[in-house]
>>> print(open('protein_36.csv').read())   # CSV, C-alpha atoms
chain,number,residue,atom,x,y,z
E,214,MET,CA,13.0,12.7,-14.0
E,215,PHE,CA,9.6,14.3,-13.3
E,216,LEU,CA,10.1,16.8,-10.5
E,217,ILE,CA,7.3,18.0,-8.2
E,218,PRO,CA,8.1,20.4,-5.3
E,219,GLY,CA,8.5,18.5,-2.1
E,220,PHE,CA,6.0,20.6,-0.2
E,221,LEU,CA,3.3,19.8,-2.8
E,222,ILE,CA,3.9,16.1,-2.5
E,223,ALA,CA,3.7,16.5,1.3
E,224,LEU,CA,0.4,18.3,1.0
E,225,ILE,CA,-1.1,15.7,-1.3
E,226,THR,CA,0.1,12.9,0.9
E,227,PHE,CA,-0.6,14.8,4.2
E,228,PRO,CA,-2.0,11.7,6.0
E,229,GLY,CA,1.5,10.2,5.8
E,230,VAL,CA,3.2,13.3,7.1
E,231,ILE,CA,0.9,13.4,10.1
E,232,VAL,CA,1.2,9.7,10.9
E,233,HIS,CA,5.0,10.0,10.6
E,234,GLU,CA,5.2,12.9,13.1
E,235,ILE,CA,2.7,11.2,15.5
E,236,ALA,CA,4.9,8.1,15.4
E,237,HIS,CA,8.0,10.2,15.9
E,238,ARG,CA,6.5,12.0,18.9
E,239,PHE,CA,5.1,8.7,20.3
E,240,PHE,CA,8.5,7.0,20.3
E,241,CYS,CA,10.2,10.1,21.9
E,242,ASP,CA,7.6,9.8,24.7
E,243,LEU,CA,8.1,6.1,24.9
E,244,MET,CA,11.9,6.5,25.3
E,245,LYS,CA,11.3,9.4,27.7
E,246,VAL,CA,13.1,11.9,25.5
E,247,PRO,CA,11.6,15.4,26.1
E,248,VAL,CA,9.7,16.9,23.2
E,249,TYR,CA,9.8,20.7,23.0
E,250,ASP,CA,7.9,21.4,19.9
E,251,VAL,CA,5.8,19.5,17.4
E,252,CYS,CA,4.4,20.4,14.0
E,253,TYR,CA,2.3,17.7,12.5
E,254,ILE,CA,1.8,19.3,9.1
E,255,ARG,CA,2.5,22.6,7.5
E,256,VAL,CA,3.1,24.1,4.1
E,257,GLY,CA,6.9,24.3,4.0
E,258,ASN,CA,10.1,22.3,4.3
E,259,PRO,CA,10.1,20.2,6.4
E,260,ALA,CA,6.4,19.5,6.2
E,261,GLY,CA,6.3,18.4,9.8
E,262,TYR,CA,8.8,18.2,12.6
E,263,VAL,CA,9.4,17.1,16.2
E,264,VAL,CA,11.9,19.1,18.2
E,265,HIS,CA,13.3,16.9,21.0
E,266,GLY,CA,16.0,16.9,23.5
E,267,PRO,CA,19.2,15.0,23.3
E,268,VAL,CA,19.0,11.3,23.0
E,269,ASP,CA,21.5,9.6,25.2
E,270,LYS,CA,21.1,5.9,24.2
E,271,LEU,CA,21.6,4.3,20.9
E,272,SER,CA,18.5,2.1,21.4
E,273,SER,CA,16.4,5.2,22.0
E,274,ALA,CA,17.8,6.9,18.9
E,275,PHE,CA,17.2,3.7,16.9
E,276,LEU,CA,13.6,3.5,18.0
E,277,ILE,CA,12.9,7.2,17.4
E,278,SER,CA,14.3,7.0,13.9
E,279,VAL,CA,13.1,3.5,12.9
E,280,GLY,CA,9.8,3.5,14.8
E,281,PRO,CA,8.0,5.8,12.3
E,282,PHE,CA,9.3,3.7,9.5
E,283,ILE,CA,7.8,0.6,11.0
E,284,ILE,CA,4.5,2.3,11.9
E,285,ASN,CA,4.1,3.9,8.5
E,286,THR,CA,5.0,0.6,6.7
E,287,LEU,CA,2.6,-1.5,8.7
E,288,LEU,CA,-0.2,0.9,8.4
E,289,CYS,CA,0.3,1.2,4.6
E,290,SER,CA,0.2,-2.5,4.2
E,291,LEU,CA,-2.8,-3.1,6.6
E,292,ILE,CA,-5.0,-0.4,5.1
E,293,ALA,CA,-4.2,-1.4,1.5
E,294,VAL,CA,-4.9,-5.1,2.0
E,295,SER,CA,-8.7,-4.9,1.7
E,296,SER,CA,-8.3,-2.9,-1.6
E,297,VAL,CA,-5.6,-5.1,-3.0
E,298,VAL,CA,-7.3,-8.4,-2.6
E,299,PRO,CA,-10.5,-7.6,-4.5
E,300,THR,CA,-8.9,-5.3,-7.1
E,301,TYR,CA,-5.6,-7.1,-8.0
E,302,VAL,CA,-6.3,-10.7,-7.1
E,303,LEU,CA,-10.0,-11.0,-8.0
E,304,GLY,CA,-10.1,-8.4,-10.6
E,305,ASP,CA,-13.1,-6.6,-9.2
E,306,SER,CA,-12.9,-2.9,-10.2
E,307,VAL,CA,-16.6,-2.2,-9.9
E,308,THR,CA,-17.7,-3.1,-6.3
E,309,ASN,CA,-16.8,-0.3,-3.9
E,310,SER,CA,-14.3,1.1,-6.3
E,311,GLY,CA,-14.4,4.6,-4.8
E,312,TRP,CA,-13.8,3.2,-1.3
E,313,HIS,CA,-10.9,1.0,-2.6
E,314,MET,CA,-9.3,4.0,-4.3
E,315,PHE,CA,-9.7,6.0,-1.1
E,316,LEU,CA,-8.0,3.2,0.9
E,317,MET,CA,-5.2,3.0,-1.6
E,318,TYR,CA,-4.7,6.8,-1.4
E,319,ILE,CA,-4.5,6.7,2.4
E,320,ALA,CA,-2.2,3.6,2.3
E,321,ILE,CA,0.2,5.0,-0.3
E,322,SER,CA,0.3,8.4,1.4
E,323,ILE,CA,1.3,6.8,4.6
E,324,GLY,CA,3.8,4.4,3.0
E,325,MET,CA,5.5,7.3,1.1
E,326,HIS,CA,6.5,8.9,4.4
E,327,ALA,CA,7.9,5.8,6.0
E,328,PHE,CA,11.5,6.7,5.5
E,329,PRO,CA,13.2,9.1,7.9
E,330,SER,CA,13.6,12.7,6.6
E,331,LYS,CA,17.1,14.1,5.9
E,332,GLU,CA,17.1,15.7,9.4
E,333,ASP,CA,16.0,12.5,11.1
E,334,LEU,CA,18.7,10.6,9.3
E,335,ASN,CA,21.4,13.1,10.2
E,336,ASN,CA,20.5,12.8,13.8
E,337,PHE,CA,20.5,9.1,13.7
E,338,HIS,CA,23.9,9.0,11.9
E,339,GLU,CA,25.3,11.4,14.6
E,340,GLN,CA,24.0,9.1,17.3
E,341,VAL,CA,25.5,6.0,15.6
E,342,LYS,CA,28.8,7.8,15.3
E,343,ARG,CA,28.8,8.8,18.9
E,344,ALA,CA,28.0,5.3,20.1
E,345,LYS,CA,30.9,3.6,21.8
E,346,GLY,CA,31.9,-0.1,22.1
E,347,PHE,CA,30.6,-2.9,20.0
E,348,SER,CA,27.1,-4.3,20.0
E,349,PRO,CA,24.8,-6.1,17.6
E,350,LEU,CA,22.5,-3.0,17.8
E,351,LEU,CA,25.3,-0.8,16.6
E,352,ILE,CA,26.0,-3.0,13.6
E,353,PHE,CA,22.3,-3.2,12.8
E,354,SER,CA,22.1,0.6,13.2
E,355,HIS,CA,24.9,1.0,10.7
E,356,ILE,CA,23.1,-1.3,8.2
E,357,VAL,CA,19.7,0.4,8.7
E,358,GLY,CA,21.4,3.8,8.5
E,359,ALA,CA,23.0,2.9,5.2
E,360,ILE,CA,19.7,1.5,3.8
E,361,PHE,CA,17.9,4.7,4.8
E,362,PHE,CA,20.7,6.8,3.2
E,363,VAL,CA,20.4,5.0,-0.1
E,364,ALA,CA,16.6,5.2,0.1
E,365,ARG,CA,16.9,9.0,0.7
E,366,LEU,CA,19.1,9.3,-2.4
E,367,LEU,CA,16.7,7.3,-4.5
E,368,SER,CA,13.8,9.5,-3.5
E,369,PHE,CA,14.9,11.6,-6.5
E,370,VAL,CA,13.6,8.7,-8.7
E,371,TRP,CA,10.4,8.4,-6.7
E,372,PHE,CA,11.7,5.5,-4.6
E,373,ASP,CA,9.4,6.5,-1.7
E,374,LEU,CA,6.4,6.1,-4.0
E,375,ILE,CA,7.7,2.8,-5.4
E,376,TYR,CA,8.3,1.5,-1.8
E,377,ALA,CA,4.8,2.5,-0.8
E,378,PHE,CA,3.3,0.8,-3.8
E,379,LEU,CA,5.3,-2.4,-3.2
E,380,VAL,CA,4.4,-2.4,0.5
E,381,ALA,CA,0.7,-1.7,-0.4
E,382,THR,CA,0.5,-4.4,-3.0
E,383,ILE,CA,3.0,-7.2,-2.4
E,384,LEU,CA,3.4,-7.3,1.3
E,385,PRO,CA,-0.3,-8.0,2.1
E,386,LEU,CA,-0.4,-10.8,-0.4
E,387,LEU,CA,2.7,-12.4,1.1
E,388,ILE,CA,1.4,-12.1,4.6
E,389,LEU,CA,-2.0,-13.6,3.6
E,390,GLY,CA,-0.3,-16.3,1.5
E,391,ILE,CA,-2.4,-15.5,-1.5
B,238,MET,CA,12.6,15.6,12.1
B,239,GLY,CA,15.9,16.6,13.4
B,240,ASP,CA,16.8,18.7,16.4
B,241,GLU,CA,19.2,21.3,14.9
B,242,GLN,CA,17.4,21.7,11.6
B,243,ASP,CA,14.1,22.1,13.3
B,244,ARG,CA,15.4,24.7,15.7
B,245,GLN,CA,16.5,26.7,12.7
B,246,SER,CA,13.2,26.4,11.0
B,247,ALA,CA,11.0,26.9,14.1
B,248,PRO,CA,9.5,30.3,14.9
B,249,GLU,CA,11.3,33.1,16.8
B,250,GLU,CA,9.4,32.7,20.0
B,251,SER,CA,10.7,29.1,20.1
B,252,GLN,CA,13.3,30.0,22.9
B,253,GLU,CA,10.4,30.2,25.2
B,254,ILE,CA,8.8,27.1,23.9
B,255,TYR,CA,12.0,25.0,24.3
B,256,ALA,CA,12.4,25.9,27.9
B,257,LYS,CA,9.5,23.6,28.8
B,258,PRO,CA,8.9,20.2,27.3
B,259,ILE,CA,5.5,19.2,26.2
B,260,PRO,CA,3.8,16.7,28.6
B,261,PRO,CA,4.3,13.2,27.2
B,262,HIS,CA,1.4,11.5,25.4
B,263,SER,CA,-0.6,14.7,25.2
B,264,TYR,CA,-1.9,15.3,21.7
B,265,PRO,CA,-4.0,18.1,20.3
B,266,LEU,CA,-7.7,17.3,19.8
B,267,TRP,CA,-7.4,17.4,16.0
B,268,ILE,CA,-4.6,14.8,16.1
B,269,LYS,CA,-6.7,12.6,18.3
B,270,LEU,CA,-9.6,13.0,15.8
B,271,PHE,CA,-7.2,12.2,12.9
B,272,GLY,CA,-6.0,9.1,14.8
B,273,ALA,CA,-9.6,8.1,15.3
B,274,PHE,CA,-10.3,8.7,11.6
B,275,VAL,CA,-7.3,6.5,10.5
B,276,GLY,CA,-8.5,3.8,13.0
B,277,LEU,CA,-12.0,3.9,11.6
B,278,VAL,CA,-10.7,3.7,8.0
B,279,PHE,CA,-8.6,0.7,9.1
B,280,ILE,CA,-11.6,-1.0,10.8
B,281,GLY,CA,-13.8,-0.2,7.9
B,282,SER,CA,-11.3,-1.7,5.5
B,283,LEU,CA,-11.4,-4.9,7.4
B,284,ILE,CA,-15.2,-5.5,7.1
B,285,SER,CA,-15.1,-7.0,3.6
B,286,LEU,CA,-11.6,-8.5,4.0
B,287,PRO,CA,-12.4,-12.0,5.4
B,288,ALA,CA,-14.8,-12.8,2.5
B,289,ASP,CA,-12.3,-11.4,-0.1
B,290,VAL,CA,-9.5,-13.5,1.4
B,291,VAL,CA,-11.6,-16.6,1.3
B,292,ALA,CA,-12.5,-15.9,-2.4
B,293,ALA,CA,-8.8,-15.2,-3.2
B,294,ARG,CA,-7.7,-18.5,-1.7
B,295,GLU,CA,-10.4,-20.3,-3.6
B,296,PHE,CA,-9.4,-18.6,-6.8
B,297,ARG,CA,-5.8,-19.8,-6.3
B,298,LEU,CA,-7.2,-23.3,-5.6
B,299,ALA,CA,-9.3,-23.1,-8.8
B,300,GLN,CA,-6.2,-22.1,-10.8
B,301,LYS,CA,-4.4,-25.1,-9.4
B,302,GLU,CA,-7.3,-27.4,-10.3
B,303,TYR,CA,-7.4,-26.1,-13.8
B,304,LYS,CA,-3.6,-26.6,-14.3
B,305,GLN,CA,-4.1,-30.2,-13.1
B,306,GLY,CA,-6.8,-30.7,-15.6
B,307,ARG,CA,-9.7,-31.0,-13.2
B,308,ILE,CA,-12.0,-28.9,-15.3
B,309,PRO,CA,-15.5,-29.6,-13.8
B,310,GLU,CA,-14.0,-28.9,-10.3
B,311,THR,CA,-12.6,-25.6,-11.6
B,312,VAL,CA,-16.0,-24.6,-13.0
B,313,SER,CA,-17.9,-25.4,-9.8
B,314,LEU,CA,-15.3,-23.6,-7.6
B,315,CYS,CA,-15.4,-20.5,-9.9
B,316,GLU,CA,-19.2,-20.5,-9.8
B,317,LYS,CA,-19.1,-20.6,-6.0
B,318,ILE,CA,-16.7,-17.7,-5.9
B,319,LEU,CA,-18.7,-15.7,-8.4
B,320,ALA,CA,-21.9,-16.2,-6.3
B,321,ALA,CA,-20.1,-14.2,-3.6
B,322,GLU,CA,-18.0,-11.9,-5.8
B,323,PRO,CA,-20.2,-11.3,-9.0
B,324,ASN,CA,-17.8,-8.6,-10.4
B,325,ALA,CA,-14.6,-10.5,-10.0
B,326,GLU,CA,-13.3,-10.4,-13.6
B,327,HIS,CA,-10.3,-12.7,-13.0
B,328,ILE,CA,-12.6,-15.4,-11.8
B,329,LYS,CA,-14.9,-14.9,-14.8
B,330,VAL,CA,-12.0,-15.3,-17.2
B,331,LEU,CA,-10.8,-18.5,-15.5
B,332,CYS,CA,-14.4,-19.9,-15.4
B,333,ALA,CA,-14.9,-19.1,-19.1
B,334,GLN,CA,-11.6,-20.8,-19.9
B,335,ALA,CA,-12.6,-23.9,-18.0
B,336,ARG,CA,-16.1,-23.9,-19.7
B,337,PHE,CA,-14.5,-23.6,-23.1
B,338,ALA,CA,-12.2,-26.6,-22.2
B,339,LEU,CA,-15.4,-28.7,-21.6
B,340,ASN,CA,-15.9,-28.7,-25.4
B,341,SER,CA,-19.7,-28.3,-25.7
B,342,LYS,CA,-21.8,-25.6,-27.4
B,343,GLU,CA,-23.8,-25.1,-24.3
B,344,GLU,CA,-20.7,-24.5,-22.2
B,345,ASP,CA,-19.2,-22.2,-24.9
B,346,LEU,CA,-22.3,-20.0,-24.7
B,347,LYS,CA,-22.0,-19.8,-20.9
B,348,ALA,CA,-18.3,-18.9,-21.3
B,349,LEU,CA,-19.1,-16.1,-23.7
B,350,LYS,CA,-21.8,-14.8,-21.3
B,351,LEU,CA,-19.1,-14.7,-18.6
B,352,LEU,CA,-16.8,-12.7,-20.9
B,353,LYS,CA,-19.4,-10.1,-21.8
B,354,GLY,CA,-18.2,-6.6,-21.0
B,355,ILE,CA,-14.8,-7.7,-19.7
B,356,SER,CA,-11.6,-6.2,-21.0
B,357,ILE,CA,-9.3,-9.2,-21.3
B,358,THR,CA,-5.6,-8.7,-20.9
B,359,ALA,CA,-3.1,-10.1,-23.4
B,360,SER,CA,-1.8,-12.8,-21.0
B,361,SER,CA,-5.4,-14.0,-20.2
B,362,TRP,CA,-6.3,-13.9,-23.9
B,363,ASP,CA,-3.3,-16.1,-24.7
B,364,GLU,CA,-4.5,-18.7,-22.2
B,365,LEU,CA,-8.1,-18.3,-23.4
B,366,THR,CA,-7.3,-18.9,-27.0
B,367,GLN,CA,-5.7,-22.2,-26.2
B,368,VAL,CA,-9.2,-23.6,-25.4
B,369,MET,CA,-11.6,-21.2,-27.2
B,370,PRO,CA,-12.9,-22.4,-30.6
B,371,GLN,CA,-11.4,-20.4,-33.5
B,372,GLY,CA,-14.9,-19.2,-34.6
B,373,TYR,CA,-15.5,-17.4,-31.3
B,374,GLN,CA,-12.1,-15.7,-31.3
B,375,GLN,CA,-13.2,-13.5,-34.2
B,376,LEU,CA,-16.0,-12.2,-32.0
B,377,PHE,CA,-13.5,-10.2,-29.9
B,378,ILE,CA,-12.3,-6.8,-30.8
B,379,GLU,CA,-9.3,-4.8,-29.5
B,380,SER,CA,-10.0,-2.8,-26.4
B,381,GLY,CA,-7.3,-0.3,-25.4
B,382,LYS,CA,-3.7,-1.2,-25.2
B,383,SER,CA,-3.1,-5.0,-25.5
B,384,ALA,CA,-6.5,-6.0,-24.4
B,385,VAL,CA,-9.6,-7.4,-26.1
B,386,LYS,CA,-13.3,-7.6,-25.4
B,387,LEU,CA,-16.3,-9.3,-26.8
B,388,ARG,CA,-18.3,-7.3,-29.4
B,389,ASP,CA,-21.6,-5.9,-28.1
B,390,GLY,CA,-24.7,-8.1,-28.8
B,391,VAL,CA,-22.6,-11.2,-29.8
B,392,VAL,CA,-23.8,-13.3,-26.9
B,393,ASP,CA,-27.5,-12.8,-27.8
B,394,GLN,CA,-26.8,-13.6,-31.5
B,395,GLU,CA,-24.9,-16.8,-30.6
B,396,ALA,CA,-27.7,-17.9,-28.2
B,397,LYS,CA,-30.1,-17.8,-31.2
>>> encode(input="protein_36.csv", output="structure tokens")
Amino acid sequence: MFLIPGFLIALITFPGVIVHEIAHRFFCDLMKVPVYDVCYIRVGNPAGYVVHGPVDKLSSAFLISVGPFIINTLLCSLIAVSSVVPTYVLGDSVTNSGWHMFLMYIAISIGMHAFPSKEDLNNFHEQVKRAKGFSPLLIFSHIVGAIFFVARLLSFVWFDLIYAFLVATILPLLILGI
Amino acid sequence: MGDEQDRQSAPEESQEIYAKPIPPHSYPLWIKLFGAFVGLVFIGSLISLPADVVAAREFRLAQKEYKQGRIPETVSLCEKILAAEPNAEHIKVLCAQARFALNSKEEDLKALKLLKGISITASSWDELTQVMPQGYQQLFIESGKSAVKLRDGVVDQEAK
């Protein structure tokens, strides 16, 4: 498989890293979890981070981990839609082609950083393990955690890029019913 | 990103930083500007969307009309879309296909004009050749991988 250093991918797709960290921070604030330090983008691994205090509720942990995934996925799809319809459906590669390429770059960059990072995922798994009792959210969290884990493994075969591409191209057309 | 991992990778002076949480919903100016930029990109992207969605829906309708054998309706629908989206190659190909299906020299020439400068994919070519007269098929040359295009100057020659 073609390997490119992670920091380089993060630099190229920096809009996605920033959006992911903003969403992470936003959901921490929303769940009233104290945030101590934020790095929205940097050259290094991880490319961005949010240092937050302990999360005492599973629902909060769920939102803090899944929130950025939802935000990045939605933004990817919404930004790509106006490029996908003329280019892929109508076959117009001439009109506003530069603008459409720019939109696709932003959309794919954001989509590629939808999945939680390794650290996010570890935190989430810890939280799920610590949760007591039995609730639909716990079952759902287990399922989501497993999906994210598989996605993380598959990132070696560029699954994050494949996911972003699918979200950017297929999802808008399904939503619009075209 | 995670708590423990991030504490490890954060700078030395972080002990001091961690003593006091950052006020909620307070973002640096550049992040606010970045957010505004993404918002503007999103709004900008929506400007042409309604017209494109209408065209795409009409294109799907035209494809259905063609499959159901309503050729003149397909042509008029395609022409309507092309008036709004003059560079939409998929519409041009469907319109040309419908015009060839009308079986007239005049319509054939209009179809050839539509295909001028377009790189036709293998799947579209297969559909086109079902209705395009044999003589015209020789006017197309290979263009890249599994695509064909009309030879330059052919339309003018045929019009004569």
>>> atom_distance(input="protein_36.csv", atom1="CA of Ser295 (chain E)", atom2="CA of Ile391 (chain E)")
12.7 Å
>>> residues_around(input="protein_36.csv", residues="Thr382 (chain E)", least_positions_apart="5", cutoff="8 Å", atoms="all atoms listed in the file", output="PDB file with C-alpha atoms, in the coordinates of the input")
ATOM      1  CA  SER E 290       0.200  -2.500   4.200  1.00  0.00           C
ATOM      2  CA  ALA E 293      -4.200  -1.400   1.500  1.00  0.00           C
ATOM      3  CA  VAL E 294      -4.900  -5.100   2.000  1.00  0.00           C
ATOM      4  CA  VAL E 297      -5.600  -5.100  -3.000  1.00  0.00           C
TER       5      VAL E 297
END
>>> interface_residues(input="protein_36.csv", of="chain E", to="chain B", cutoff="6 Å", atoms="all atoms listed in the file", output="PDB file with C-alpha atoms, keeping the file's coordinate frame")
ATOM      1  CA  ASP E 242       7.600   9.800  24.700  1.00  0.00           C
ATOM      2  CA  PRO E 247      11.600  15.400  26.100  1.00  0.00           C
ATOM      3  CA  VAL E 248       9.700  16.900  23.200  1.00  0.00           C
ATOM      4  CA  TYR E 249       9.800  20.700  23.000  1.00  0.00           C
ATOM      5  CA  TYR E 262       8.800  18.200  12.600  1.00  0.00           C
ATOM      6  CA  VAL E 263       9.400  17.100  16.200  1.00  0.00           C
ATOM      7  CA  VAL E 264      11.900  19.100  18.200  1.00  0.00           C
ATOM      8  CA  ILE E 292      -5.000  -0.400   5.100  1.00  0.00           C
ATOM      9  CA  SER E 295      -8.700  -4.900   1.700  1.00  0.00           C
ATOM     10  CA  LEU E 303     -10.000 -11.000  -8.000  1.00  0.00           C
ATOM     11  CA  GLY E 304     -10.100  -8.400 -10.600  1.00  0.00           C
ATOM     12  CA  ASP E 305     -13.100  -6.600  -9.200  1.00  0.00           C
ATOM     13  CA  GLU E 332      17.100  15.700   9.400  1.00  0.00           C
ATOM     14  CA  ASP E 333      16.000  12.500  11.100  1.00  0.00           C
ATOM     15  CA  ASN E 336      20.500  12.800  13.800  1.00  0.00           C
TER      16      ASN E 336
END
>>> residues_near_point(input="protein_36.csv", point="(-3.7, -15.5, -23.9)", cutoff="12 Å", atoms="only C-alpha atoms", output="list in words")
Val330, Leu331, Gln334, Ile357, Thr358, Ala359, Ser360, Ser361, Trp362, Asp363, Glu364, Leu365, Thr366, Gln367, Val368, Met369, Gln374, Ser383, Ala384 and Val385 of chain B
>>> residues_near_point(input="protein_36.csv", point="(-2.1, 10.7, 9.2)", cutoff="8 Å", atoms="all atoms listed in the file", output="number ranges by chain")
E: 227-233, 235, 323; B: 271-272, 275
>>> closest_residue(input="protein_36.csv", among="E:Phe275, E:Phe315, E:Phe362, E:Tyr301", to="Ser330 (chain E)", atoms="only C-alpha atoms")
E:Phe362
>>> atom_distance(input="protein_36.csv", atom1="CA of Ala348 (chain B)", atom2="CA of Leu298 (chain B)")
19.7 Å
>>> residues_around(input="protein_36.csv", residues="Leu374 (chain E)", least_positions_apart="5", cutoff="8 Å", atoms="only C-alpha atoms", output="list in words")
Ile321, Gly324 and Met325 of chain E
>>> residues_around(input="protein_36.csv", residues="Cys332 (chain B)", least_positions_apart="5", cutoff="8 Å", atoms="all atoms listed in the file", output="list in words")
Thr311, Val312, Cys315, Glu316, Ala348 and Leu351 of chain B
>>> atom_distance(input="protein_36.csv", atom1="CA of Ala359 (chain E)", atom2="CA of His338 (chain E)")
9.1 Å
>>> residues_around(input="protein_36.csv", residues="Ile284 (chain E)", least_positions_apart="2", cutoff="9 Å", atoms="all atoms listed in the file", output="ChimeraX atom specification")
/E:232-233,236,279-282,286-289,327
>>> residues_around(input="protein_36.csv", residues="Leu346 (chain B)", least_positions_apart="4", cutoff="10 Å", atoms="only C-alpha atoms", output="PyMOL selection string")
chain B and resi 333+336-337+341-342+350-352+373+392-393+395-396
>>> build_atoms(input="protein_36.csv", residues="region 317-338 of chain B", atoms="N, CA and C atoms", output="PDB file, in the frame of the given file")
ATOM      1  N   LYS B 317     -18.871 -20.896  -7.476  1.00  0.00           N
ATOM      2  CA  LYS B 317     -19.100 -20.600  -6.000  1.00  0.00           C
ATOM      3  C   LYS B 317     -18.499 -19.256  -5.679  1.00  0.00           C
ATOM      4  N   ILE B 318     -17.311 -18.974  -6.205  1.00  0.00           N
ATOM      5  CA  ILE B 318     -16.700 -17.700  -5.900  1.00  0.00           C
ATOM      6  C   ILE B 318     -17.534 -16.543  -6.513  1.00  0.00           C
ATOM      7  N   LEU B 319     -17.981 -16.768  -7.746  1.00  0.00           N
ATOM      8  CA  LEU B 319     -18.700 -15.700  -8.400  1.00  0.00           C
ATOM      9  C   LEU B 319     -20.080 -15.422  -7.757  1.00  0.00           C
ATOM     10  N   ALA B 320     -20.619 -16.423  -7.061  1.00  0.00           N
ATOM     11  CA  ALA B 320     -21.900 -16.200  -6.300  1.00  0.00           C
ATOM     12  C   ALA B 320     -21.633 -15.149  -5.229  1.00  0.00           C
ATOM     13  N   ALA B 321     -20.436 -15.165  -4.642  1.00  0.00           N
ATOM     14  CA  ALA B 321     -20.100 -14.200  -3.600  1.00  0.00           C
ATOM     15  C   ALA B 321     -19.487 -12.935  -4.133  1.00  0.00           C
ATOM     16  N   GLU B 322     -18.753 -13.065  -5.232  1.00  0.00           N
ATOM     17  CA  GLU B 322     -18.000 -11.900  -5.800  1.00  0.00           C
ATOM     18  C   GLU B 322     -18.438 -11.781  -7.292  1.00  0.00           C
ATOM     19  N   PRO B 323     -19.652 -11.310  -7.570  1.00  0.00           N
ATOM     20  CA  PRO B 323     -20.200 -11.300  -9.000  1.00  0.00           C
ATOM     21  C   PRO B 323     -19.383 -10.439  -9.937  1.00  0.00           C
ATOM     22  N   ASN B 324     -18.588  -9.492  -9.442  1.00  0.00           N
ATOM     23  CA  ASN B 324     -17.800  -8.600 -10.400  1.00  0.00           C
ATOM     24  C   ASN B 324     -16.369  -8.986 -10.502  1.00  0.00           C
ATOM     25  N   ALA B 325     -15.988 -10.138  -9.968  1.00  0.00           N
ATOM     26  CA  ALA B 325     -14.600 -10.500 -10.000  1.00  0.00           C
ATOM     27  C   ALA B 325     -14.206 -11.028 -11.411  1.00  0.00           C
ATOM     28  N   GLU B 326     -13.567 -10.157 -12.173  1.00  0.00           N
ATOM     29  CA  GLU B 326     -13.300 -10.400 -13.600  1.00  0.00           C
ATOM     30  C   GLU B 326     -12.273 -11.560 -13.795  1.00  0.00           C
ATOM     31  N   HIS B 327     -11.289 -11.629 -12.896  1.00  0.00           N
ATOM     32  CA  HIS B 327     -10.300 -12.700 -13.000  1.00  0.00           C
ATOM     33  C   HIS B 327     -10.916 -14.070 -12.877  1.00  0.00           C
ATOM     34  N   ILE B 328     -11.913 -14.147 -12.014  1.00  0.00           N
ATOM     35  CA  ILE B 328     -12.600 -15.400 -11.800  1.00  0.00           C
ATOM     36  C   ILE B 328     -13.442 -15.751 -13.036  1.00  0.00           C
ATOM     37  N   LYS B 329     -14.100 -14.713 -13.571  1.00  0.00           N
ATOM     38  CA  LYS B 329     -14.900 -14.900 -14.800  1.00  0.00           C
ATOM     39  C   LYS B 329     -14.098 -15.467 -15.917  1.00  0.00           C
ATOM     40  N   VAL B 330     -12.903 -14.886 -16.088  1.00  0.00           N
ATOM     41  CA  VAL B 330     -12.000 -15.300 -17.200  1.00  0.00           C
ATOM     42  C   VAL B 330     -11.614 -16.781 -16.984  1.00  0.00           C
ATOM     43  N   LEU B 331     -11.239 -17.131 -15.758  1.00  0.00           N
ATOM     44  CA  LEU B 331     -10.800 -18.500 -15.500  1.00  0.00           C
ATOM     45  C   LEU B 331     -12.013 -19.473 -15.691  1.00  0.00           C
ATOM     46  N   CYS B 332     -13.177 -19.031 -15.231  1.00  0.00           N
ATOM     47  CA  CYS B 332     -14.400 -19.900 -15.400  1.00  0.00           C
ATOM     48  C   CYS B 332     -14.703 -20.082 -16.851  1.00  0.00           C
ATOM     49  N   ALA B 333     -14.595 -18.990 -17.631  1.00  0.00           N
ATOM     50  CA  ALA B 333     -14.900 -19.100 -19.100  1.00  0.00           C
ATOM     51  C   ALA B 333     -13.852 -20.043 -19.726  1.00  0.00           C
ATOM     52  N   GLN B 334     -12.619 -19.917 -19.331  1.00  0.00           N
ATOM     53  CA  GLN B 334     -11.600 -20.800 -19.900  1.00  0.00           C
ATOM     54  C   GLN B 334     -11.882 -22.248 -19.583  1.00  0.00           C
ATOM     55  N   ALA B 335     -12.303 -22.504 -18.355  1.00  0.00           N
ATOM     56  CA  ALA B 335     -12.600 -23.900 -18.000  1.00  0.00           C
ATOM     57  C   ALA B 335     -13.856 -24.378 -18.762  1.00  0.00           C
ATOM     58  N   ARG B 336     -14.841 -23.494 -18.943  1.00  0.00           N
ATOM     59  CA  ARG B 336     -16.100 -23.900 -19.700  1.00  0.00           C
ATOM     60  C   ARG B 336     -15.726 -24.200 -21.152  1.00  0.00           C
ATOM     61  N   PHE B 337     -14.880 -23.364 -21.750  1.00  0.00           N
ATOM     62  CA  PHE B 337     -14.500 -23.600 -23.100  1.00  0.00           C
ATOM     63  C   PHE B 337     -13.767 -25.002 -23.219  1.00  0.00           C
ATOM     64  N   ALA B 338     -12.990 -25.294 -22.164  1.00  0.00           N
ATOM     65  CA  ALA B 338     -12.200 -26.600 -22.200  1.00  0.00           C
ATOM     66  C   ALA B 338     -13.155 -27.771 -22.076  1.00  0.00           C
TER      67      ALA B 338
END
